[in-house]
Structures are given as C-alpha cells and as structure tokens.
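Visitor: Quick one: structure below, then a few questions.
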Amino acid sequence: MSSDTAENKGTSASGKRHQIDRHPRLLDNVRDVIRCKHYSIRTEHSYIEWIKRYIYFHNKQHPEKLDERHISAFLSHLAVDRKVASSTQNQALCALLFLYGQVLKKEVGEFEHLIRAKRPAKLPVVFTRDEIRQVLLQLDGVHWLMGQVMYGAGLRVMECVRLRVKDVDFGYRQIVVRDGKGKKDRVTMLPEIITDSLQRHLLKVKRVHETDLEAGFGAVYLPYALERKYKNANRSWAWQYVFPAVRRAIDPRSSVERRHHISESVPQRAVKNAIRQAGIAKAGSCHSLRHSFATHLLEAGYDIRTVQELLGHKDVSTTMIYTHVLNRGGKGVQSPGDNLFDDQWKAKP
C-alpha cells in the first residue's frame, strides 16, 4: 500500500472521527445532559429506555423529525393499548419533555390530543403497630436493621440503602437524609432500639472497608465532583455506605471497580417475604413502613407539621393523606352504628 493511499485513508478516518465528534449520537448526548444536571443513575436509565421506545415506536425516525402529534400518539398508545399506570405514562412524558426541551432545544405544544391515564386517588397501605411488630419479627440481620430504619425513622427505601456512615449521628440520636426526594436534606430520629445493633453492624462494615483498602480498592462513589475536590474523601470511612453491597462491581459511569450500596431490591424482597410469613393480608411493601411511621406519629398526637418535616414533604397537603386514620390521638371518631343497639345486639352473628 502506497504512503499516499495510507495517508488518504488516515485522513478519511480522521474526518469521520471529527464528524462523529461534531454530531454525537443522540443517546450519548442525552446521557451527557443528564449527568451535567446531576440526575440519578436510575433517572438516566429510565429516560434512555423511554426515548428508545419512543424512537422504535415511530420506526426509528430521529426525534428531530417528530413533533407534538408523534409524542401524543406514543403516550396515548401507552395508555390505550399497553394500559400502563398513570405514573408510568407520566414518567414517559417527563423523559420526552427532557429530550425535546433540554437536549434538542425544541418547543413542544400543549398535547391537546393526548389521552392521559387517569391517576386514581389511593390511600396508603398502613400496618397497625401489632402488624409492624409481626413483620419486623420475621426479619433478621441487616434486613431487620433496614426495616427498623425505614419504620423507625420514616425513610424511603432508596434513602435507607444510600445512607452513609457520616450521616448517622449516635450522639444526637439522629439521621441526616442527604439528597432525598426533590434533592432536599432533612433530619429525622435514629431509633434507640437499633443503636447497639447498628454500631456492631458498622464495625463489621469497617472491617470490610479496610480489607478493600488493603486490596487496592475502597474508593466509594461521591456525588457532585466531590471526588475531585477532596482527593482522599472517597476512601475515608465517613463516606462509606452503611449498607454496602456484598461484592464489588464496576461503576457504569466511571468504569471503576468499587463497592456500591446494597441493591434496593434486597430489602424490598425481604419485607415482602416478611409480610407473607406474618400472615398479613395487606398489599404492603417497604413504603408501607414509612406510611405506618407517619400514621403512628399522628395517632400519638404529634403535630402534622412535625411529621411533615420528618418525612421531608414539600407541602403539608401531602402529609394530610395520613389523616385518614380515624382513631388519632385517642380522640377518634366513633361510628354511629356502635351505639345503635344494646350489648345484646352486638353478640348477634
């Protein structure tokens, strides 16, 4: 092969690379924008999947060529043909609005022809104190600790698994929740019942961390470029997860092998199994522990504003859903049917 031919091929390849650099793939561009805005990895995966489905639905046409009518058609397909939940349809809409508004910089209309999935008003699944006791008795080890944190401190499951050592304050008996829903921090109580068990658990976690350091690992993920700002913070004990994963894994963003937090599916499965083993006929989940936390505080007579702060709700109207509990604070509303007949009628089958 002549040098001229090789040079031409090299120039051609270089030109293609420059062309690719000037016009990055759409999904890569979406990822870049999401990461610049510090969205979570879960949001990134969700948005990417919805955008893919949208493109495939329209026969792989580039979204630049599509408009409001195509978005409405896709979302209506989800509601009518796929019969997805309203929350799922709203998630898809958020992904597409992000694509057009933040990535493609295109205005979209008001979606006049969109068939929206109606979101039903559902009351939260709440356990009684006795049911909570039965559920927690079915858990042990780390699962018991996580169940106690979600119920005793009112944490969401992701807030629980993302807890860091520095955010558990044994002196003040409190937990600091960082970057909760809506990117807000808040302070809630640390249940005294788990203090000793949690300290023993952290001693085990620390030994695992020290072993990782000796093996050349031990660097945990830090948000918002803190890893660059504080060079050794990612290896410090304070930044480690309270509930780390059993094995190290490759970070999908940085391709670095590190020990991440435990998967949220672990406590979810454990709590589901515990509810079933306890024989409770309610469709409960990890979030039911948080619902029960709020409801039981209101039953005990605590002010709704206090409960709002502990839960991290932006608006008190969100917290007011828990006032469906009638026997709150010992001054509950009694059914008029209870006083309609004498005691002899109450014994009737």
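Chain identifiers are assigned as A, B, and so on, following the order in which chains appear in the structure tokens; residues are numbered from 1 within each chain, and ligands are numbered from 1 in order of appearance.
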Please identify which residues in stretch 160-318 of chain A DSSP calls alpha helix (DSSP H) from the backbone, and express them as an NGL selection string.

Guide: :A and (160-161 or 195-214 or 226-229 or 265-277 or 286-299 or 304-311 or 316-318)

Visitor: Residues within 9 Å of stretch 52-60 of chain A, please, as number ranges by chain. Count only C-alpha atoms; anything in the same chain fewer than 3 positions from it doesn't count.

Guide: A: 27, 47-49, 63, 66, 70-71, 74-75, 92, 96

Visitor: What is the distance, in Å and to one decimal place, between atom CA of A:Gln199 and atom CA of A:Phe170?

Guide: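 Value for the atom CA of A:Gln199-atom CA of A:Phe170 distance: 8.8 Å.
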
Visitor: What does the distance from atom CA of A:Ala274 to atom CA of A:Gln134 come to in Å, to one decimal?

Guide: 8.3 Å

Visitor: Using only C-alpha atoms, can you tell me which of A:Thr128, A:Gln91, A:Gln308, A:Gln138 comes closest to A:Glu44?

Guide: A:Gln91

Visitor: What is the atom CA of A:Tyr230 to atom CA of A:His209 distance in Å?

Guide: 18.8 Å

Visitor: Write out as a ChimeraX atom specification the residues lying within 12 Å of A:Leu26, counting only C-alpha atoms and excluding same-chain residues fewer than 6 positions away.

Guide: /A:20,32-33,48,51-52,55,61-64,99-100,103-104

Visitor: How would the residues just chosen look if you wrote them out with N, CA and C atoms as a compact mmCIF listing (two decimals), in the first residue's frame?

Guide:
# COMPACT_ATOMS: atom_id res chain seq x y z
N ILE A 20 -18.09 12.56 13.71
CA ILE A 20 -18.80 11.94 14.82
C ILE A 20 -18.74 12.82 16.06
N ASP A 32 -25.09 12.84 28.46
CA ASP A 32 -24.23 13.96 28.86
C ASP A 32 -25.03 15.05 29.56
N VAL A 33 -26.19 15.38 29.00
CA VAL A 33 -27.02 16.43 29.60
C VAL A 33 -27.55 16.00 30.97
N ILE A 48 -33.43 7.04 29.18
CA ILE A 48 -32.85 6.43 27.98
C ILE A 48 -33.78 5.35 27.43
N ILE A 51 -36.89 6.94 25.76
CA ILE A 51 -36.55 7.56 24.48
C ILE A 51 -36.34 6.49 23.40
N LYS A 52 -35.71 5.39 23.78
CA LYS A 52 -35.54 4.28 22.83
C LYS A 52 -36.89 3.75 22.37
N ILE A 55 -38.53 6.10 19.93
CA ILE A 55 -37.93 6.06 18.59
C ILE A 55 -38.35 4.80 17.85
N GLN A 61 -37.37 6.72 13.46
CA GLN A 61 -37.17 8.08 12.96
C GLN A 61 -36.48 8.91 14.04
N HIS A 62 -35.64 9.84 13.61
CA HIS A 62 -34.95 10.70 14.56
C HIS A 62 -35.98 11.66 15.18
N PRO A 63 -35.93 11.87 16.50
CA PRO A 63 -36.90 12.76 17.15
C PRO A 63 -36.93 14.17 16.58
N GLU A 64 -35.83 14.61 15.94
CA GLU A 64 -35.83 15.93 15.31
C GLU A 64 -36.94 16.05 14.27
N LEU A 99 -36.05 15.29 26.62
CA LEU A 99 -35.38 15.12 25.33
C LEU A 99 -35.54 16.36 24.45
N TYR A 100 -36.78 16.83 24.32
CA TYR A 100 -37.03 17.95 23.42
C TYR A 100 -36.60 19.29 24.03
N VAL A 103 -32.33 18.65 25.44
CA VAL A 103 -31.33 18.09 24.53
C VAL A 103 -31.48 18.67 23.12
N LEU A 104 -32.68 18.57 22.57
CA LEU A 104 -32.90 19.05 21.20
C LEU A 104 -33.24 20.54 21.14

Visitor: Can you tell me which residues surround A:Arg253 at a distance of at most 12 Å, considering only C-alpha atoms, apart from same-chain residues fewer than 5 positions away, and format the answer as a list in words?

Guide: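 Once the nearby chain positions are removed, what remains is Arg31, Asp32, Ile34, Arg35, Ser40, Ile41, Arg42, Glu44, His45, Tyr221, Pro223 and Arg258 of chain A.
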
Visitor: Can you list, as a PyMOL selection string, every protein, DNA or RNA residue that comes within 12 Å of A:Ala278 when you count only C-alpha atoms, leaving out same-chain residues fewer than 6 positions away?

Guide: chain A and resi 127+130-139+271-272+284

Visitor: May I have the residues from that selection written out with N, CA, C and O atoms, as a PDB file, in the first residue's frame?

Guide:
ATOM      1  N   PHE A 127     -49.857  -0.384  58.256  1.00  0.00           N
ATOM      2  CA  PHE A 127     -49.922  -1.501  59.191  1.00  0.00           C
ATOM      3  C   PHE A 127     -50.235  -0.986  60.591  1.00  0.00           C
ATOM      4  O   PHE A 127     -49.825   0.123  60.963  1.00  0.00           O
ATOM      5  N   ASP A 130     -49.232  -3.745  65.911  1.00  0.00           N
ATOM      6  CA  ASP A 130     -49.038  -5.185  66.073  1.00  0.00           C
ATOM      7  C   ASP A 130     -48.568  -5.818  64.768  1.00  0.00           C
ATOM      8  O   ASP A 130     -47.706  -6.712  64.776  1.00  0.00           O
ATOM      9  N   GLU A 131     -49.097  -5.370  63.638  1.00  0.00           N
ATOM     10  CA  GLU A 131     -48.674  -5.905  62.348  1.00  0.00           C
ATOM     11  C   GLU A 131     -47.217  -5.534  62.050  1.00  0.00           C
ATOM     12  O   GLU A 131     -46.450  -6.349  61.533  1.00  0.00           O
ATOM     13  N   ILE A 132     -46.832  -4.306  62.394  1.00  0.00           N
ATOM     14  CA  ILE A 132     -45.432  -3.897  62.224  1.00  0.00           C
ATOM     15  C   ILE A 132     -44.523  -4.792  63.052  1.00  0.00           C
ATOM     16  O   ILE A 132     -43.464  -5.250  62.591  1.00  0.00           O
ATOM     17  N   ARG A 133     -44.953  -5.064  64.280  1.00  0.00           N
ATOM     18  CA  ARG A 133     -44.162  -5.930  65.165  1.00  0.00           C
ATOM     19  C   ARG A 133     -43.999  -7.318  64.546  1.00  0.00           C
ATOM     20  O   ARG A 133     -42.903  -7.886  64.544  1.00  0.00           O
ATOM     21  N   GLN A 134     -45.082  -7.855  63.998  1.00  0.00           N
ATOM     22  CA  GLN A 134     -45.027  -9.182  63.384  1.00  0.00           C
ATOM     23  C   GLN A 134     -44.127  -9.200  62.147  1.00  0.00           C
ATOM     24  O   GLN A 134     -43.384 -10.155  61.923  1.00  0.00           O
ATOM     25  N   VAL A 135     -44.174  -8.136  61.353  1.00  0.00           N
ATOM     26  CA  VAL A 135     -43.324  -8.063  60.161  1.00  0.00           C
ATOM     27  C   VAL A 135     -41.854  -8.013  60.552  1.00  0.00           C
ATOM     28  O   VAL A 135     -41.020  -8.750  60.011  1.00  0.00           O
ATOM     29  N   LEU A 136     -41.531  -7.154  61.517  1.00  0.00           N
ATOM     30  CA  LEU A 136     -40.127  -6.994  61.917  1.00  0.00           C
ATOM     31  C   LEU A 136     -39.578  -8.255  62.581  1.00  0.00           C
ATOM     32  O   LEU A 136     -38.379  -8.533  62.491  1.00  0.00           O
ATOM     33  N   LEU A 137     -40.459  -9.016  63.229  1.00  0.00           N
ATOM     34  CA  LEU A 137     -40.016 -10.262  63.854  1.00  0.00           C
ATOM     35  C   LEU A 137     -39.611 -11.306  62.816  1.00  0.00           C
ATOM     36  O   LEU A 137     -38.857 -12.236  63.131  1.00  0.00           O
ATOM     37  N   GLN A 138     -40.101 -11.157  61.592  1.00  0.00           N
ATOM     38  CA  GLN A 138     -39.736 -12.097  60.530  1.00  0.00           C
ATOM     39  C   GLN A 138     -38.389 -11.752  59.892  1.00  0.00           C
ATOM     40  O   GLN A 138     -37.848 -12.538  59.114  1.00  0.00           O
ATOM     41  N   LEU A 139     -37.858 -10.565  60.210  1.00  0.00           N
ATOM     42  CA  LEU A 139     -36.587 -10.117  59.637  1.00  0.00           C
ATOM     43  C   LEU A 139     -35.451 -10.365  60.610  1.00  0.00           C
ATOM     44  O   LEU A 139     -35.651 -10.387  61.829  1.00  0.00           O
ATOM     45  N   VAL A 271     -38.863  -7.594  52.908  1.00  0.00           N
ATOM     46  CA  VAL A 271     -40.087  -7.097  53.542  1.00  0.00           C
ATOM     47  C   VAL A 271     -41.311  -7.799  52.960  1.00  0.00           C
ATOM     48  O   VAL A 271     -42.240  -8.160  53.693  1.00  0.00           O
ATOM     49  N   LYS A 272     -41.325  -8.013  51.654  1.00  0.00           N
ATOM     50  CA  LYS A 272     -42.443  -8.737  51.028  1.00  0.00           C
ATOM     51  C   LYS A 272     -42.581 -10.136  51.629  1.00  0.00           C
ATOM     52  O   LYS A 272     -43.691 -10.593  51.942  1.00  0.00           O
ATOM     53  N   GLY A 284     -48.733  -4.785  51.235  1.00  0.00           N
ATOM     54  CA  GLY A 284     -47.735  -3.860  51.756  1.00  0.00           C
ATOM     55  C   GLY A 284     -46.386  -3.998  51.084  1.00  0.00           C
ATOM     56  O   GLY A 284     -46.128  -4.908  50.299  1.00  0.00           O
TER      57      GLY A 284
END

Visitor: Could you name the residues that touch A:Asp303 at 12 Å or less, counting only C-alpha atoms, but leaving out those on the same chain fewer than 6 positions away, as a list in words?

Guide: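 The residues that qualify are Ala294, Thr295, His296, Leu297, Glu309, Leu310, Val316, Thr319, Met320, Thr323, Arg328 and Gly329 of chain A.
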
Visitor: Output all heavy atoms for every residue in that selection, as a JSON list (two decimals), in the first residue's frame.

Guide:
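Output saved as result-v3.json:
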[["chain", "number", "residue", "atom", "x", "y", "z"],
["A", 294, "ALA", "N", -45.54, 7.52, 59.71],
["A", 294, "ALA", "CA", -46.27, 8.79, 59.74],
["A", 294, "ALA", "C", -47.61, 8.64, 60.45],
["A", 294, "ALA", "O", -47.99, 9.47, 61.29],
["A", 294, "ALA", "CB", -46.48, 9.29, 58.31],
["A", 295, "THR", "N", -48.33, 7.58, 60.13],
["A", 295, "THR", "CA", -49.65, 7.38, 60.71],
["A", 295, "THR", "C", -49.58, 7.18, 62.22],
["A", 295, "THR", "O", -50.37, 7.75, 62.98],
["A", 295, "THR", "CB", -50.33, 6.15, 60.06],
["A", 295, "THR", "OG1", -50.40, 6.35, 58.64],
["A", 295, "THR", "CG2", -51.73, 5.96, 60.61],
["A", 296, "HIS", "N", -48.61, 6.41, 62.68],
["A", 296, "HIS", "CA", -48.50, 6.14, 64.11],
["A", 296, "HIS", "C", -48.07, 7.39, 64.89],
["A", 296, "HIS", "O", -48.45, 7.56, 66.06],
["A", 296, "HIS", "CB", -47.51, 4.99, 64.35],
["A", 296, "HIS", "CG", -48.01, 3.70, 63.78],
["A", 296, "HIS", "ND1", -47.19, 2.57, 63.66],
["A", 296, "HIS", "CD2", -49.22, 3.33, 63.29],
["A", 296, "HIS", "CE1", -47.90, 1.59, 63.12],
["A", 296, "HIS", "NE2", -49.13, 2.03, 62.88],
["A", 297, "LEU", "N", -47.28, 8.27, 64.26],
["A", 297, "LEU", "CA", -46.94, 9.53, 64.92],
["A", 297, "LEU", "C", -48.18, 10.41, 65.08],
["A", 297, "LEU", "O", -48.39, 11.04, 66.12],
["A", 297, "LEU", "CB", -45.87, 10.28, 64.11],
["A", 297, "LEU", "CG", -44.44, 9.74, 64.20],
["A", 297, "LEU", "CD1", -43.51, 10.57, 63.32],
["A", 297, "LEU", "CD2", -43.94, 9.75, 65.65],
["A", 309, "GLU", "N", -42.07, 17.59, 58.41],
["A", 309, "GLU", "CA", -40.62, 17.81, 58.38],
["A", 309, "GLU", "C", -39.86, 16.49, 58.45],
["A", 309, "GLU", "O", -38.84, 16.31, 57.76],
["A", 309, "GLU", "CB", -40.21, 18.73, 59.54],
["A", 309, "GLU", "CG", -40.69, 20.16, 59.38],
["A", 309, "GLU", "CD", -40.24, 21.04, 60.52],
["A", 309, "GLU", "OE1", -39.42, 20.55, 61.34],
["A", 309, "GLU", "OE2", -40.69, 22.19, 60.61],
["A", 310, "LEU", "N", -40.32, 15.57, 59.28],
["A", 310, "LEU", "CA", -39.64, 14.28, 59.41],
["A", 310, "LEU", "C", -39.72, 13.48, 58.12],
["A", 310, "LEU", "O", -38.78, 12.75, 57.77],
["A", 310, "LEU", "CB", -40.25, 13.48, 60.56],
["A", 310, "LEU", "CG", -40.01, 14.04, 61.97],
["A", 310, "LEU", "CD1", -40.82, 13.26, 63.00],
["A", 310, "LEU", "CD2", -38.52, 13.99, 62.33],
["A", 316, "VAL", "N", -47.65, 20.49, 53.14],
["A", 316, "VAL", "CA", -48.35, 19.77, 54.20],
["A", 316, "VAL", "C", -49.54, 18.99, 53.65],
["A", 316, "VAL", "O", -49.99, 18.00, 54.25],
["A", 316, "VAL", "CB", -48.81, 20.75, 55.31],
["A", 316, "VAL", "CG1", -49.97, 21.62, 54.81],
["A", 316, "VAL", "CG2", -49.20, 20.01, 56.58],
["A", 319, "THR", "N", -48.78, 15.43, 53.40],
["A", 319, "THR", "CA", -48.78, 14.72, 54.69],
["A", 319, "THR", "C", -50.21, 14.46, 55.16],
["A", 319, "THR", "O", -50.46, 13.49, 55.89],
["A", 319, "THR", "CB", -48.03, 15.55, 55.74],
["A", 319, "THR", "OG1", -46.84, 16.08, 55.17],
["A", 319, "THR", "CG2", -47.67, 14.72, 56.95],
["A", 320, "MET", "N", -51.13, 15.30, 54.73],
["A", 320, "MET", "CA", -52.51, 15.18, 55.22],
["A", 320, "MET", "C", -53.20, 13.91, 54.78],
["A", 320, "MET", "O", -54.26, 13.55, 55.31],
["A", 320, "MET", "CB", -53.33, 16.40, 54.78],
["A", 320, "MET", "CG", -52.97, 17.67, 55.53],
["A", 320, "MET", "SD", -53.97, 19.09, 55.02],
["A", 320, "MET", "CE", -55.57, 18.61, 55.65],
["A", 323, "THR", "N", -54.14, 11.57, 57.55],
["A", 323, "THR", "CA", -55.21, 11.86, 58.50],
["A", 323, "THR", "C", -56.45, 11.01, 58.23],
["A", 323, "THR", "O", -57.49, 11.22, 58.85],
["A", 323, "THR", "CB", -55.61, 13.36, 58.44],
["A", 323, "THR", "OG1", -56.02, 13.68, 57.11],
["A", 323, "THR", "CG2", -54.44, 14.25, 58.82],
["A", 328, "ARG", "N", -57.06, 8.80, 65.74],
["A", 328, "ARG", "CA", -55.82, 9.53, 66.00],
["A", 328, "ARG", "C", -55.86, 10.17, 67.39],
["A", 328, "ARG", "O", -56.84, 10.80, 67.76],
["A", 328, "ARG", "CB", -55.64, 10.62, 64.94],
["A", 328, "ARG", "CG", -54.35, 11.39, 65.06],
["A", 328, "ARG", "CD", -54.13, 12.23, 63.84],
["A", 328, "ARG", "NE", -55.30, 13.03, 63.53],
["A", 328, "ARG", "CZ", -55.28, 14.33, 63.28],
["A", 328, "ARG", "NH1", -54.14, 14.97, 63.28],
["A", 328, "ARG", "NH2", -56.38, 14.99, 63.01],
["A", 329, "GLY", "N", -54.74, 10.00, 68.12],
["A", 329, "GLY", "CA", -54.57, 10.70, 69.38],
["A", 329, "GLY", "C", -55.57, 10.32, 70.47],
["A", 329, "GLY", "O", -55.76, 11.06, 71.42]]

Visitor: List every residue of stretch 233-337 of chain A that has an atom at most 12 Å from any atom of stretch 153-167 of chain A, and for each one report the closest atom pair and its distance in Å to one decimal, counting only C-alpha atoms, with rows sorted by chain and then by increasing residue number, as JSON lines.

Guide:
{"residue": "A:Ala233", "atom": "CA", "partner": "A:Lys166", "partner_atom": "CA", "distance": 11.6}
{"residue": "A:Asn234", "atom": "CA", "partner": "A:Arg164", "partner_atom": "CA", "distance": 11.5}
{"residue": "A:Ser236", "atom": "CA", "partner": "A:Val165", "partner_atom": "CA", "distance": 10.1}
{"residue": "A:Trp237", "atom": "CA", "partner": "A:Val165", "partner_atom": "CA", "distance": 7.3}
{"residue": "A:Ala238", "atom": "CA", "partner": "A:Lys166", "partner_atom": "CA", "distance": 4.7}
{"residue": "A:Trp239", "atom": "CA", "partner": "A:Arg164", "partner_atom": "CA", "distance": 5.7}
{"residue": "A:Gln240", "atom": "CA", "partner": "A:Arg164", "partner_atom": "CA", "distance": 5.5}
{"residue": "A:Tyr241", "atom": "CA", "partner": "A:Arg164", "partner_atom": "CA", "distance": 4.3}
{"residue": "A:Val242", "atom": "CA", "partner": "A:Arg164", "partner_atom": "CA", "distance": 5.2}
{"residue": "A:Phe243", "atom": "CA", "partner": "A:Val161", "partner_atom": "CA", "distance": 5.9}
{"residue": "A:Pro244", "atom": "CA", "partner": "A:Val161", "partner_atom": "CA", "distance": 7.9}
{"residue": "A:Ala245", "atom": "CA", "partner": "A:Val161", "partner_atom": "CA", "distance": 9.6}
{"residue": "A:His260", "atom": "CA", "partner": "A:Arg162", "partner_atom": "CA", "distance": 9.1}
{"residue": "A:His261", "atom": "CA", "partner": "A:Val161", "partner_atom": "CA", "distance": 6.1}
{"residue": "A:Ile262", "atom": "CA", "partner": "A:Val161", "partner_atom": "CA", "distance": 6.1}
{"residue": "A:Ser263", "atom": "CA", "partner": "A:Val161", "partner_atom": "CA", "distance": 7.2}
{"residue": "A:Glu264", "atom": "CA", "partner": "A:Met158", "partner_atom": "CA", "distance": 6.3}
{"residue": "A:Ser265", "atom": "CA", "partner": "A:Val157", "partner_atom": "CA", "distance": 9.1}
{"residue": "A:Val266", "atom": "CA", "partner": "A:Val161", "partner_atom": "CA", "distance": 9.6}
{"residue": "A:Pro267", "atom": "CA", "partner": "A:Val157", "partner_atom": "CA", "distance": 7.7}
{"residue": "A:Gln268", "atom": "CA", "partner": "A:Val157", "partner_atom": "CA", "distance": 7.9}
{"residue": "A:Arg269", "atom": "CA", "partner": "A:Val157", "partner_atom": "CA", "distance": 11.6}
{"residue": "A:Ala270", "atom": "CA", "partner": "A:Val157", "partner_atom": "CA", "distance": 12.0}
{"residue": "A:Val271", "atom": "CA", "partner": "A:Val157", "partner_atom": "CA", "distance": 10.8}
{"residue": "A:Ser285", "atom": "CA", "partner": "A:Val157", "partner_atom": "CA", "distance": 9.8}
{"residue": "A:Cys286", "atom": "CA", "partner": "A:Val157", "partner_atom": "CA", "distance": 6.4}
{"residue": "A:His287", "atom": "CA", "partner": "A:Arg156", "partner_atom": "CA", "distance": 6.3}
{"residue": "A:Ser288", "atom": "CA", "partner": "A:Arg156", "partner_atom": "CA", "distance": 9.6}
{"residue": "A:Leu289", "atom": "CA", "partner": "A:Gly154", "partner_atom": "CA", "distance": 7.3}
{"residue": "A:Arg290", "atom": "CA", "partner": "A:Gly154", "partner_atom": "CA", "distance": 4.6}
{"residue": "A:His291", "atom": "CA", "partner": "A:Gly154", "partner_atom": "CA", "distance": 7.7}
{"residue": "A:Ser292", "atom": "CA", "partner": "A:Gly154", "partner_atom": "CA", "distance": 8.3}
{"residue": "A:Phe293", "atom": "CA", "partner": "A:Gly154", "partner_atom": "CA", "distance": 5.6}
{"residue": "A:Ala294", "atom": "CA", "partner": "A:Gly154", "partner_atom": "CA", "distance": 7.1}
{"residue": "A:Thr295", "atom": "CA", "partner": "A:Gly154", "partner_atom": "CA", "distance": 10.4}
{"residue": "A:His296", "atom": "CA", "partner": "A:Gly154", "partner_atom": "CA", "distance": 10.8}
{"residue": "A:Leu297", "atom": "CA", "partner": "A:Gly154", "partner_atom": "CA", "distance": 10.3}
{"residue": "A:Val307", "atom": "CA", "partner": "A:Gly154", "partner_atom": "CA", "distance": 9.5}
{"residue": "A:Gln308", "atom": "CA", "partner": "A:Gly154", "partner_atom": "CA", "distance": 10.7}
{"residue": "A:Glu309", "atom": "CA", "partner": "A:Gly154", "partner_atom": "CA", "distance": 10.7}
{"residue": "A:Leu310", "atom": "CA", "partner": "A:Gly154", "partner_atom": "CA", "distance": 7.3}
{"residue": "A:Leu311", "atom": "CA", "partner": "A:Gly154", "partner_atom": "CA", "distance": 6.3}
{"residue": "A:Gly312", "atom": "CA", "partner": "A:Leu155", "partner_atom": "CA", "distance": 9.4}
{"residue": "A:His313", "atom": "CA", "partner": "A:Gly154", "partner_atom": "CA", "distance": 11.6}

Visitor: Restrict the selected residues to C-alpha atoms and save them as a PDB file, in the first residue's frame.

Guide:
ATOM      1  CA  ALA A 233     -12.574  11.581  50.753  1.00  0.00           C
ATOM      2  CA  ASN A 234     -13.769   8.636  48.641  1.00  0.00           C
ATOM      3  CA  SER A 236     -12.395   7.697  54.050  1.00  0.00           C
ATOM      4  CA  TRP A 237     -14.544   5.723  56.469  1.00  0.00           C
ATOM      5  CA  ALA A 238     -17.050   8.574  56.909  1.00  0.00           C
ATOM      6  CA  TRP A 239     -18.183   8.435  53.271  1.00  0.00           C
ATOM      7  CA  GLN A 240     -18.750   4.679  53.131  1.00  0.00           C
ATOM      8  CA  TYR A 241     -22.258   3.260  52.834  1.00  0.00           C
ATOM      9  CA  VAL A 242     -23.938   1.977  55.992  1.00  0.00           C
ATOM     10  CA  PHE A 243     -25.414  -0.900  53.979  1.00  0.00           C
ATOM     11  CA  PRO A 244     -22.788  -1.831  51.373  1.00  0.00           C
ATOM     12  CA  ALA A 245     -23.147  -4.482  48.701  1.00  0.00           C
ATOM     13  CA  HIS A 260     -21.632   0.323  45.976  1.00  0.00           C
ATOM     14  CA  HIS A 261     -24.592   0.326  48.366  1.00  0.00           C
ATOM     15  CA  ILE A 262     -26.825  -2.714  48.649  1.00  0.00           C
ATOM     16  CA  SER A 263     -29.481  -3.006  45.947  1.00  0.00           C
ATOM     17  CA  GLU A 264     -32.914  -1.670  46.896  1.00  0.00           C
ATOM     18  CA  SER A 265     -34.383  -4.973  45.717  1.00  0.00           C
ATOM     19  CA  VAL A 266     -32.793  -6.728  48.730  1.00  0.00           C
ATOM     20  CA  PRO A 267     -34.910  -5.046  51.451  1.00  0.00           C
ATOM     21  CA  GLN A 268     -37.915  -4.998  49.113  1.00  0.00           C
ATOM     22  CA  ARG A 269     -37.853  -8.785  48.751  1.00  0.00           C
ATOM     23  CA  ALA A 270     -37.146  -9.265  52.454  1.00  0.00           C
ATOM     24  CA  VAL A 271     -40.087  -7.097  53.542  1.00  0.00           C
ATOM     25  CA  SER A 285     -44.156  -3.040  50.840  1.00  0.00           C
ATOM     26  CA  CYS A 286     -41.129  -1.157  52.174  1.00  0.00           C
ATOM     27  CA  HIS A 287     -43.019   2.091  51.618  1.00  0.00           C
ATOM     28  CA  SER A 288     -45.776   0.819  53.909  1.00  0.00           C
ATOM     29  CA  LEU A 289     -43.254   1.021  56.757  1.00  0.00           C
ATOM     30  CA  ARG A 290     -42.838   4.745  56.026  1.00  0.00           C
ATOM     31  CA  HIS A 291     -46.616   5.183  55.765  1.00  0.00           C
ATOM     32  CA  SER A 292     -47.006   3.438  59.117  1.00  0.00           C
ATOM     33  CA  PHE A 293     -44.307   5.656  60.669  1.00  0.00           C
ATOM     34  CA  ALA A 294     -46.272   8.790  59.738  1.00  0.00           C
ATOM     35  CA  THR A 295     -49.654   7.377  60.710  1.00  0.00           C
ATOM     36  CA  HIS A 296     -48.498   6.144  64.114  1.00  0.00           C
ATOM     37  CA  LEU A 297     -46.940   9.533  64.921  1.00  0.00           C
ATOM     38  CA  VAL A 307     -44.493  14.831  60.782  1.00  0.00           C
ATOM     39  CA  GLN A 308     -44.200  16.787  57.523  1.00  0.00           C
ATOM     40  CA  GLU A 309     -40.622  17.813  58.376  1.00  0.00           C
ATOM     41  CA  LEU A 310     -39.642  14.284  59.410  1.00  0.00           C
ATOM     42  CA  LEU A 311     -40.993  12.896  56.140  1.00  0.00           C
ATOM     43  CA  GLY A 312     -39.443  15.638  54.023  1.00  0.00           C
ATOM     44  CA  HIS A 313     -42.710  16.612  52.333  1.00  0.00           C
TER      45      HIS A 313
END

Visitor: As a PyMOL selection string, list the residues of stretch 115-301 of chain A assigned to strand (DSSP E or B) by DSSP on the backbone atoms of this structure.

Guide: chain A and resi 164+168-169+174-177+186-189+241+244+249-250+257-258+261
